[in-house]
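Enquirer: The following file, protein_15.csv, comprises CSV, C-alpha atoms:
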chain,number,residue,atom,x,y,z
A,154,MET,CA,133.3,102.9,103.4
A,155,ALA,CA,132.0,103.8,100.0
A,156,ASN,CA,133.8,100.8,98.5
A,157,GLU,CA,132.8,98.2,101.0
A,158,PRO,CA,131.2,95.2,99.3
A,159,VAL,CA,127.5,94.5,99.7
A,160,SER,CA,125.7,91.1,99.6
A,161,LEU,CA,123.0,90.0,97.2
A,162,ILE,CA,120.5,89.9,100.1
A,163,PHE,CA,121.2,93.5,100.9
A,164,LYS,CA,120.7,94.5,97.2
A,165,LEU,CA,117.4,92.6,97.1
A,166,TYR,CA,116.4,94.3,100.3
A,167,CYS,CA,117.3,97.7,98.8
A,168,LEU,CA,115.3,96.9,95.6
A,169,SER,CA,112.2,95.8,97.5
A,170,VAL,CA,112.2,98.9,99.8
A,171,MET,CA,112.8,101.4,97.0
A,172,THR,CA,110.1,99.9,94.9
A,173,LEU,CA,107.5,99.8,97.6
A,174,VAL,CA,108.3,103.3,98.9
A,175,ALA,CA,108.3,104.9,95.4
A,176,ALA,CA,105.1,103.3,94.3
A,177,THR,CA,103.2,103.8,97.6
A,178,TYR,CA,104.3,107.4,98.0
A,179,THR,CA,103.1,108.3,94.5
A,180,VAL,CA,99.7,106.7,95.0
A,181,VAL,CA,99.1,107.9,98.5
A,182,LEU,CA,100.2,111.5,97.8
A,183,ARG,CA,97.9,111.6,94.8
A,184,TYR,CA,95.0,110.4,97.0
A,185,THR,CA,95.7,113.1,99.6
A,186,ARG,CA,95.7,115.8,96.9
A,187,THR,CA,92.3,114.9,95.4
A,188,ILE,CA,90.2,115.9,98.4
A,189,PRO,CA,88.1,119.2,98.3
A,190,SER,CA,90.3,122.3,98.3
A,191,ALA,CA,88.6,123.7,101.4
A,192,GLU,CA,90.0,120.8,103.4
A,193,LEU,CA,93.3,120.4,101.6
A,194,TYR,CA,96.5,120.6,103.7
A,195,PHE,CA,99.4,122.9,102.8
A,196,SER,CA,102.0,121.0,100.8
A,197,THR,CA,104.7,123.4,102.0
A,198,THR,CA,104.2,122.4,105.6
A,199,ALA,CA,104.4,118.7,104.7
A,200,VAL,CA,107.7,119.3,102.9
A,201,CYS,CA,109.0,121.1,106.0
A,202,ILE,CA,107.9,118.4,108.4
A,203,THR,CA,109.6,115.8,106.1
A,204,GLU,CA,112.9,117.6,106.5
A,205,VAL,CA,112.5,117.7,110.3
A,206,ILE,CA,111.8,114.0,110.4
A,207,LYS,CA,114.8,113.2,108.1
A,208,LEU,CA,117.0,115.2,110.4
A,209,ILE,CA,115.8,113.4,113.5
A,210,LEU,CA,116.3,110.0,111.8
A,211,SER,CA,119.8,110.9,110.6
A,212,LEU,CA,120.7,112.0,114.1
A,213,GLY,CA,119.5,108.6,115.3
A,214,MET,CA,121.5,106.8,112.7
A,215,LEU,CA,124.6,108.8,113.5
A,216,ALA,CA,124.1,108.0,117.2
A,217,LEU,CA,124.1,104.3,116.3
A,218,GLU,CA,127.2,104.7,114.1
A,219,THR,CA,129.2,106.6,116.8
A,220,THR,CA,128.1,104.2,119.6
A,221,SER,CA,128.5,106.8,122.3
A,222,SER,CA,127.0,110.2,123.3
A,223,SER,CA,130.4,111.8,123.6
A,224,ARG,CA,131.4,110.8,120.0
A,225,LEU,CA,128.0,111.9,118.8
A,226,LYS,CA,128.5,115.3,120.4
A,227,ASN,CA,132.0,115.7,119.0
A,228,ALA,CA,130.9,114.7,115.5
A,229,ILE,CA,128.0,117.3,115.6
A,230,VAL,CA,130.2,120.0,117.0
A,231,GLU,CA,133.0,119.4,114.5
A,232,HIS,CA,130.9,118.9,111.3
A,233,VAL,CA,128.0,121.3,112.1
A,234,PHE,CA,129.0,124.2,114.4
A,235,TYR,CA,132.7,124.4,113.3
A,236,SER,CA,132.1,123.8,109.6
A,237,PRO,CA,130.1,126.7,108.1
A,238,LYS,CA,131.6,126.1,104.7
A,239,GLU,CA,130.4,122.5,104.6
A,240,LEU,CA,126.9,123.6,105.7
A,241,LEU,CA,126.9,126.2,102.9
A,242,LYS,CA,128.1,123.5,100.4
A,243,LEU,CA,125.2,121.1,101.4
A,244,SER,CA,122.7,124.0,101.3
A,245,VAL,CA,122.8,123.8,97.5
A,246,PRO,CA,121.1,120.3,97.2
A,247,SER,CA,118.8,121.1,100.1
A,248,ILE,CA,117.4,124.1,98.3
A,249,VAL,CA,117.1,122.2,95.1
A,250,TYR,CA,115.5,119.2,96.8
A,251,ALA,CA,113.0,121.5,98.5
A,252,ILE,CA,112.0,122.9,95.1
A,253,GLN,CA,111.7,119.4,93.7
A,254,ASN,CA,109.5,118.2,96.6
A,255,ASN,CA,107.1,121.2,96.2
A,256,MET,CA,107.0,120.6,92.4
A,257,ALA,CA,106.0,117.0,93.1
A,258,PHE,CA,103.0,118.1,95.1
A,259,LEU,CA,102.0,120.6,92.4
A,260,ALA,CA,102.4,118.0,89.7
A,261,LEU,CA,100.4,115.3,91.5
A,262,SER,CA,97.6,117.8,92.2
A,263,ASN,CA,97.2,118.2,88.4
A,264,LEU,CA,98.1,114.8,86.9
A,265,ASP,CA,97.2,111.2,87.5
A,266,ALA,CA,99.6,109.1,89.5
A,267,ALA,CA,100.6,106.8,86.6
A,268,VAL,CA,101.2,109.8,84.2
A,269,TYR,CA,103.3,111.5,86.8
A,270,GLN,CA,105.3,108.3,87.6
A,271,VAL,CA,106.2,107.6,84.0
A,272,THR,CA,106.9,111.2,82.9
A,273,TYR,CA,109.0,111.7,86.0
A,274,GLN,CA,111.4,109.1,84.7
A,275,LEU,CA,112.8,111.8,82.5
A,276,LYS,CA,115.0,112.4,85.5
A,277,ILE,CA,117.2,109.6,84.1
A,278,PRO,CA,118.5,111.4,81.0
A,279,CYS,CA,118.7,114.6,83.0
A,280,THR,CA,120.8,112.7,85.6
A,281,ALA,CA,122.9,111.1,82.8
A,282,LEU,CA,123.7,114.6,81.4
A,283,CYS,CA,124.6,116.0,84.8
A,284,THR,CA,126.8,112.9,85.4
A,285,VAL,CA,128.7,113.5,82.2
A,286,LEU,CA,129.1,117.3,82.8
A,287,MET,CA,129.7,117.3,86.5
A,288,LEU,CA,131.4,114.0,87.3
A,289,TYR,CA,133.2,113.6,83.9
A,290,ARG,CA,131.9,110.1,83.4
A,291,SER,CA,131.2,108.5,80.0
A,292,LEU,CA,128.1,106.6,79.0
A,293,SER,CA,127.9,103.7,76.6
A,294,ARG,CA,126.1,103.7,73.3
A,295,LEU,CA,123.5,101.4,74.8
A,296,GLN,CA,122.9,103.8,77.7
A,297,TRP,CA,122.4,106.8,75.3
A,298,PHE,CA,120.1,104.7,73.2
A,299,SER,CA,118.1,103.9,76.3
A,300,VAL,CA,117.9,107.6,77.0
A,301,PHE,CA,116.3,108.3,73.6
A,302,MET,CA,114.0,105.3,74.0
A,303,LEU,CA,112.9,106.7,77.3
A,304,CYS,CA,112.0,110.0,75.7
A,305,GLY,CA,110.0,108.2,73.1
A,306,GLY,CA,108.1,106.2,75.7
A,307,VAL,CA,107.3,109.4,77.6
A,308,THR,CA,106.1,111.0,74.4
A,309,LEU,CA,103.7,108.1,73.8
A,310,VAL,CA,102.4,108.4,77.3
A,311,GLN,CA,101.6,112.1,76.7
A,312,TRP,CA,100.4,111.7,73.1
A,313,LYS,CA,96.9,110.7,74.2
A,314,PRO,CA,96.4,111.5,77.9
A,315,VAL,CA,94.8,109.0,80.2
A,316,GLU,CA,91.0,109.0,79.9
A,317,VAL,CA,88.5,110.2,82.5
A,318,THR,CA,89.0,109.0,86.1
A,319,LYS,CA,86.6,108.9,89.0
A,320,VAL,CA,88.4,111.7,90.7
A,321,GLN,CA,86.4,114.9,90.2
A,322,VAL,CA,88.8,117.8,90.9
A,323,GLU,CA,89.9,120.7,88.8
A,324,GLN,CA,93.2,120.0,87.1
A,325,ASN,CA,95.6,121.8,84.9
A,326,PRO,CA,97.7,119.2,82.9
A,327,PHE,CA,100.0,121.8,81.4
A,328,LEU,CA,100.8,123.2,84.9
A,329,GLY,CA,101.4,119.6,86.1
A,330,LEU,CA,103.8,118.9,83.2
A,331,CYS,CA,105.7,122.2,83.8
A,332,ALA,CA,106.0,121.2,87.5
A,333,ILE,CA,107.4,117.8,86.5
A,334,ALA,CA,109.9,119.5,84.2
A,335,VAL,CA,111.3,121.6,87.0
A,336,ALA,CA,111.3,118.5,89.4
A,337,VAL,CA,113.2,116.5,86.8
A,338,LEU,CA,115.9,119.2,86.4
A,339,CYS,CA,116.2,119.5,90.2
A,340,SER,CA,116.4,115.8,90.7
A,341,GLY,CA,119.2,115.4,88.1
A,342,PHE,CA,121.3,118.2,89.4
A,343,ALA,CA,120.8,117.7,93.1
A,344,GLY,CA,121.4,113.9,92.9
A,345,VAL,CA,124.7,114.3,91.0
A,346,TYR,CA,125.9,117.2,93.2
A,347,PHE,CA,125.2,115.3,96.4
A,348,GLU,CA,126.9,112.2,95.0
A,349,LYS,CA,130.0,114.3,94.2
A,350,VAL,CA,130.1,115.8,97.7
A,351,LEU,CA,129.4,112.4,99.3
A,352,LYS,CA,132.1,110.5,97.5
A,353,SER,CA,134.8,113.2,97.5
A,354,SER,CA,135.5,112.8,101.2
A,355,ASP,CA,135.4,110.2,104.0
A,356,THR,CA,132.8,112.1,106.0
A,357,SER,CA,130.0,110.0,107.4
A,358,LEU,CA,126.8,109.7,105.3
A,359,TRP,CA,124.7,110.6,108.2
A,360,VAL,CA,126.8,113.7,109.0
A,361,ARG,CA,126.3,114.8,105.4
A,362,ASN,CA,122.6,114.2,105.7
A,363,ILE,CA,122.4,116.3,108.9
A,364,GLN,CA,124.3,119.1,107.2
A,365,MET,CA,121.9,119.0,104.3
A,366,TYR,CA,118.6,118.7,106.3
A,367,LEU,CA,119.5,121.6,108.6
A,368,SER,CA,119.7,123.8,105.5
A,369,GLY,CA,116.6,122.1,104.1
A,370,ILE,CA,114.6,123.0,107.2
A,371,ALA,CA,115.5,126.7,106.9
A,372,VAL,CA,114.7,126.7,103.2
A,373,THR,CA,111.3,125.0,103.6
A,374,LEU,CA,110.3,127.3,106.5
A,375,ILE,CA,111.0,130.3,104.2
A,376,GLY,CA,108.9,128.5,101.6
A,377,VAL,CA,106.0,128.1,104.1
A,378,TYR,CA,106.1,131.8,105.0
A,379,MET,CA,106.3,133.0,101.4
A,380,THR,CA,103.7,130.7,99.9
A,381,ASP,CA,101.2,129.9,102.6
A,382,GLY,CA,102.2,132.3,105.4
A,383,GLU,CA,98.8,134.0,105.9
A,384,LYS,CA,96.8,130.8,105.5
A,385,VAL,CA,99.0,129.0,108.0
A,386,LEU,CA,98.6,131.8,110.5
A,387,GLU,CA,94.8,131.7,110.0
A,388,LYS,CA,94.2,127.9,109.9
A,389,GLY,CA,97.3,126.5,111.6
A,390,PHE,CA,100.4,124.7,110.6
A,391,PHE,CA,98.9,121.2,110.6
A,392,PHE,CA,95.6,122.2,109.0
A,393,GLY,CA,94.1,119.4,106.9
A,394,TYR,CA,96.5,116.7,108.3
A,395,THR,CA,94.9,113.3,108.4
A,396,PRO,CA,96.5,109.8,109.0
A,397,TRP,CA,97.0,109.5,105.2
A,398,VAL,CA,98.8,112.8,105.1
A,399,CYS,CA,101.0,111.7,108.0
A,400,PHE,CA,101.7,108.5,106.1
A,401,VAL,CA,102.8,110.6,103.1
A,402,VAL,CA,105.2,112.6,105.2
A,403,PHE,CA,106.6,109.3,106.7
A,404,LEU,CA,107.1,107.8,103.2
A,405,ALA,CA,108.8,111.0,102.0
A,406,SER,CA,111.1,110.9,105.0
A,407,VAL,CA,112.1,107.3,104.5
A,408,GLY,CA,112.4,107.8,100.7
A,409,GLY,CA,114.8,110.7,101.3
A,410,LEU,CA,117.1,108.8,103.6
A,411,TYR,CA,117.0,105.8,101.3
A,412,THR,CA,118.0,108.0,98.4
A,413,SER,CA,121.3,108.9,100.2
A,414,VAL,CA,121.9,105.2,101.0
A,415,VAL,CA,121.3,104.2,97.4
A,416,VAL,CA,123.7,106.9,96.1
A,417,LYS,CA,126.4,105.4,98.4
A,418,TYR,CA,125.9,101.6,98.2
A,419,THR,CA,123.8,100.6,95.2
A,420,ASP,CA,124.1,100.6,91.4
A,421,ASN,CA,122.1,101.6,88.4
A,422,ILE,CA,120.7,98.1,87.8
A,423,MET,CA,118.9,98.1,91.1
A,424,LYS,CA,117.6,101.7,90.6
A,425,GLY,CA,116.4,100.8,87.2
A,426,PHE,CA,114.5,97.7,88.3
A,427,SER,CA,113.0,99.7,91.2
A,428,ALA,CA,111.8,102.5,89.0
A,429,ALA,CA,110.3,100.2,86.5
A,430,ALA,CA,108.5,98.1,89.2
A,431,ALA,CA,107.3,101.3,90.8
A,432,ILE,CA,105.7,102.4,87.6
A,433,ILE,CA,103.8,99.1,87.3
A,434,LEU,CA,102.7,99.1,90.9
A,435,SER,CA,101.5,102.7,90.9
A,436,THR,CA,99.6,102.2,87.6
A,437,VAL,CA,97.8,99.1,88.9
A,438,ALA,CA,97.0,101.0,92.1
A,439,SER,CA,95.6,103.9,90.1
A,440,VAL,CA,93.4,101.6,88.1
A,441,ILE,CA,92.0,100.1,91.3
A,442,LEU,CA,91.7,103.3,93.5
A,443,PHE,CA,91.1,106.1,91.0
A,444,GLY,CA,89.3,104.3,88.1
A,445,LEU,CA,92.2,105.1,85.8
A,446,GLN,CA,91.6,103.9,82.2
A,447,ILE,CA,94.8,103.1,80.3
A,448,THR,CA,94.9,103.5,76.5
A,449,ALA,CA,97.1,101.4,74.1
A,450,THR,CA,99.5,104.3,73.6
A,451,PHE,CA,99.9,104.8,77.3
A,452,ALA,CA,100.6,101.1,77.8
A,453,SER,CA,103.1,101.1,75.0
A,454,GLY,CA,104.8,104.1,76.3
A,455,ALA,CA,105.0,102.6,79.8
A,456,ILE,CA,106.5,99.5,78.4
A,457,LEU,CA,109.1,101.5,76.5
A,458,VAL,CA,110.0,103.4,79.7
A,459,CYS,CA,110.4,100.2,81.7
A,460,VAL,CA,112.7,98.6,79.0
A,461,SER,CA,114.7,101.8,78.6
A,462,ILE,CA,115.3,102.0,82.4
A,463,TYR,CA,116.5,98.4,82.4
A,464,LEU,CA,118.8,98.9,79.5
A,465,TYR,CA,120.2,102.1,81.1
A,466,GLY,CA,121.0,100.1,84.2
A,467,LEU,CA,123.0,97.4,82.3
A,468,PRO,CA,126.7,97.6,83.2
A,469,LYS,CA,128.9,99.1,80.6
A,470,GLN,CA,131.5,96.8,78.9
A,471,ASP,CA,135.0,97.5,80.2
A,472,THR,CA,137.0,98.2,77.1
A,473,SER,CA,140.0,99.7,78.9
A,474,LYS,CA,141.9,96.3,79.0
A,475,LEU,CA,141.0,95.6,75.4
A,476,ARG,CA,142.3,99.0,74.3
A,477,GLN,CA,145.5,98.5,76.3
A,478,ASP,CA,146.1,95.1,74.6
A,479,THR,CA,145.4,96.6,71.2
A,480,ASP,CA,147.9,99.4,71.9
A,481,LYS,CA,150.6,96.8,73.0
A,482,GLU,CA,150.1,94.8,69.8
A,483,SER,CA,150.4,97.9,67.6
A,484,LYS,CA,153.7,98.9,69.4
A,485,GLN,CA,155.1,95.4,68.9
A,486,LYS,CA,154.3,95.4,65.2
A,487,LEU,CA,156.0,98.8,64.9
A,488,LEU,CA,159.1,97.5,66.7
A,489,HIS,CA,159.3,94.5,64.4
A,490,VAL,CA,159.0,96.7,61.4
If you convert what's in this file into structure tokens, what do you get?

Expert:
Amino acid sequence: MANEPVSLIFKLYCLSVMTLVAATYTVVLRYTRTIPSAELYFSTTAVCITEVIKLILSLGMLALETTSSSRLKNAIVEHVFYSPKELLKLSVPSIVYAIQNNMAFLALSNLDAAVYQVTYQLKIPCTALCTVLMLYRSLSRLQWFSVFMLCGGVTLVQWKPVEVTKVQVEQNPFLGLCAIAVAVLCSGFAGVYFEKVLKSSDTSLWVRNIQMYLSGIAVTLIGVYMTDGEKVLEKGFFFGYTPWVCFVVFLASVGGLYTSVVVKYTDNIMKGFSAAAAIILSTVASVILFGLQITATFASGAILVCVSIYLYGLPKQDTSKLRQDTDKESKQKLLHV
């Protein structure tokens, strides 16, 4: 199933959805975190509700895949209740993803959406490093060059921070950057770990998601209790929830499911184009909605980031056949000698 071919239309569909979800999520989340603190919702509860919705959606997709209630029941019993080791295995990325999601809320509470979106692309070199170390894959020189180009672009973005916006809330840029650093590390490790688990067996994608989200719900509930327990008991679990906050939760849920689909069916080219397009869209939206003023260094850094993402997504040249032919020629020359 992991190797089944996909059409160009499906790839374009994936590209469009990934771009829209990533750009919209960043801008809307930023908007919901810029309201007065007295009315601000608890980010930990939003992350928890996101995990619950992703679990429900995954159950629905598994029901469609199994086509009958009896098969659905058997799949859940076999892979959930009778597979504690698999649940423990999938609890690792769920814990890491929960940390990542909370760090995203913290970062967007202290940084502009465009700064966050560009800086967060450091997850690409982090993912590249994790891929080399954990999946034993090699990267081409062009891909490593794009990694350093990406770091240069992010440096330009942060060299002269974006100027004053219309949003008047207290922010701590250093805290925001630290939160992004943690989120980047979590994204790289969890993504590669989940890919390794997903592609090392024939277990259904939706079964793997269910296993991961069950652990995720437990982890995020603990996070709610430890971080905002007293406030939640005082004000309520859904305090501060507005239609926009519900929209953020919906986007996060769809984005999480789409991440798993992308890991299984798509390639780096599509992810690169999607990430670059999301940067452009979220920046334009920040200019319109938040009065963001972009400097020349910020624009240059953003362009470098987009180019580096595209270069990183270019397919590597397959040199295995060339090397084999070269080895054969060398052997023939030795035989003739």

Enquirer: Restricting the calculation to all atoms listed in the file: of A:Val350, A:Val407, A:Ala343, A:Cys283, which residue gets closest to Leu240 of chain A?

Expert: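 Closest candidate: A:Val350.
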
Enquirer: Can you measure atom CA of Leu303 of chain A to atom CA of Ser461 of chain A for me? One decimal in Å is fine.

Expert: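 Here the two named atoms are 5.4 Å from each other.
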
Enquirer: Rank nothing, just name the residue among A:Ser353, A:Asn254, A:Ser247, A:Gln296 nearest to Ile370 of chain A, using only C-alpha atoms.

Expert: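 Result for the nearest residue to Ile370 of chain A: A:Ser247.
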
Enquirer: Would you mind telling me which residue in A:Asn362, A:Val233, A:Met171, A:Ala266 lies nearest to Met214 of chain A when using only C-alpha atoms?

Expert: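 Smallest distance to Met214 of chain A is found for A:Asn362.
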
Enquirer: Which residue out of A:Ser169, A:Ala257, A:Ala455, A:Thr198 has the minimum interatomic distance to Thr380 of chain A when only C-alpha atoms are used?

Expert: A:Thr198

Enquirer: Out of A:Asn263, A:Thr448, A:Thr356, A:Ser236, which residue has the shortest atom-to-atom distance to Ile333 of chain A when counting all atoms listed in the file?

Expert: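 Nearest to Ile333 of chain A: A:Asn263.
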
Enquirer: Suppose you want the space between atom CA of Leu309 of chain A and atom CA of Gly344 of chain A; what is it in Å?

Expert: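 If I compute the distance from atom CA of Leu309 of chain A to atom CA of Gly344 of chain A, I get 26.7 Å.
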
Enquirer: Is there a way to get, as a PyMOL selection string, all residues within 12 Å of the point (117.6, 109.4, 110.7) in file coordinates, counting only C-alpha atoms?

Expert: chain A and resi 203-218+358-363+366+403+406-411+413-414

Enquirer: Considering all atoms listed in the file, can you say which of A:Ser354, A:Thr412, A:Asn255, A:Gln446 comes closest to Leu168 of chain A?

Expert: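 Smallest distance to Leu168 of chain A is found for A:Thr412.
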
Enquirer: Between atom CA of Leu275 of chain A and atom CA of Gln253 of chain A, measure the distance and give it in Å to one decimal.

Expert: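 One can read the atom CA of Leu275 of chain A to atom CA of Gln253 of chain A distance as 13.6 Å.
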
Enquirer: Mind checking which residues fall within 9 Å of Tyr346 of chain A, counting only C-alpha atoms, ignoring those fewer than 6 positions away in the same chain, and posting them as JSON, numbers by chain?

Expert: {"A": [245, 246, 283, 284, 287, 288]}

Enquirer: Extract, using only C-alpha atoms, all DNA, RNA and protein residues at most 12 Å from Val385 of chain A, discarding same-chain residues fewer than 6 positions from it, and format them as a count of residues only.

Expert: 13

Enquirer: Counting all atoms listed in the file, what is within 9 Å of Thr436 of chain A, bar same-chain residues fewer than 6 positions away, as an mmCIF file with C-alpha atoms, in the coordinates of the input?

Expert:
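To be explicit, this is the file written out as part.cif:
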data_model
loop_
_atom_site.group_PDB
_atom_site.id
_atom_site.type_symbol
_atom_site.label_atom_id
_atom_site.label_comp_id
_atom_site.auth_asym_id
_atom_site.auth_seq_id
_atom_site.Cartn_x
_atom_site.Cartn_y
_atom_site.Cartn_z
ATOM 1 C CA ALA A 176 105.100 103.300 94.300
ATOM 2 C CA VAL A 180 99.700 106.700 95.000
ATOM 3 C CA ALA A 266 99.600 109.100 89.500
ATOM 4 C CA ALA A 267 100.600 106.800 86.600
ATOM 5 C CA VAL A 268 101.200 109.800 84.200
ATOM 6 C CA GLN A 270 105.300 108.300 87.600
ATOM 7 C CA LEU A 445 92.200 105.100 85.800
ATOM 8 C CA ILE A 447 94.800 103.100 80.300
#

Enquirer: Tell me, as a PyMOL selection string, which residues lie within 8 Å of Arg186 of chain A, counting only C-alpha atoms; anything in the same chain fewer than 4 positions away does not count.

Expert: chain A and resi 182+193+258+261-262
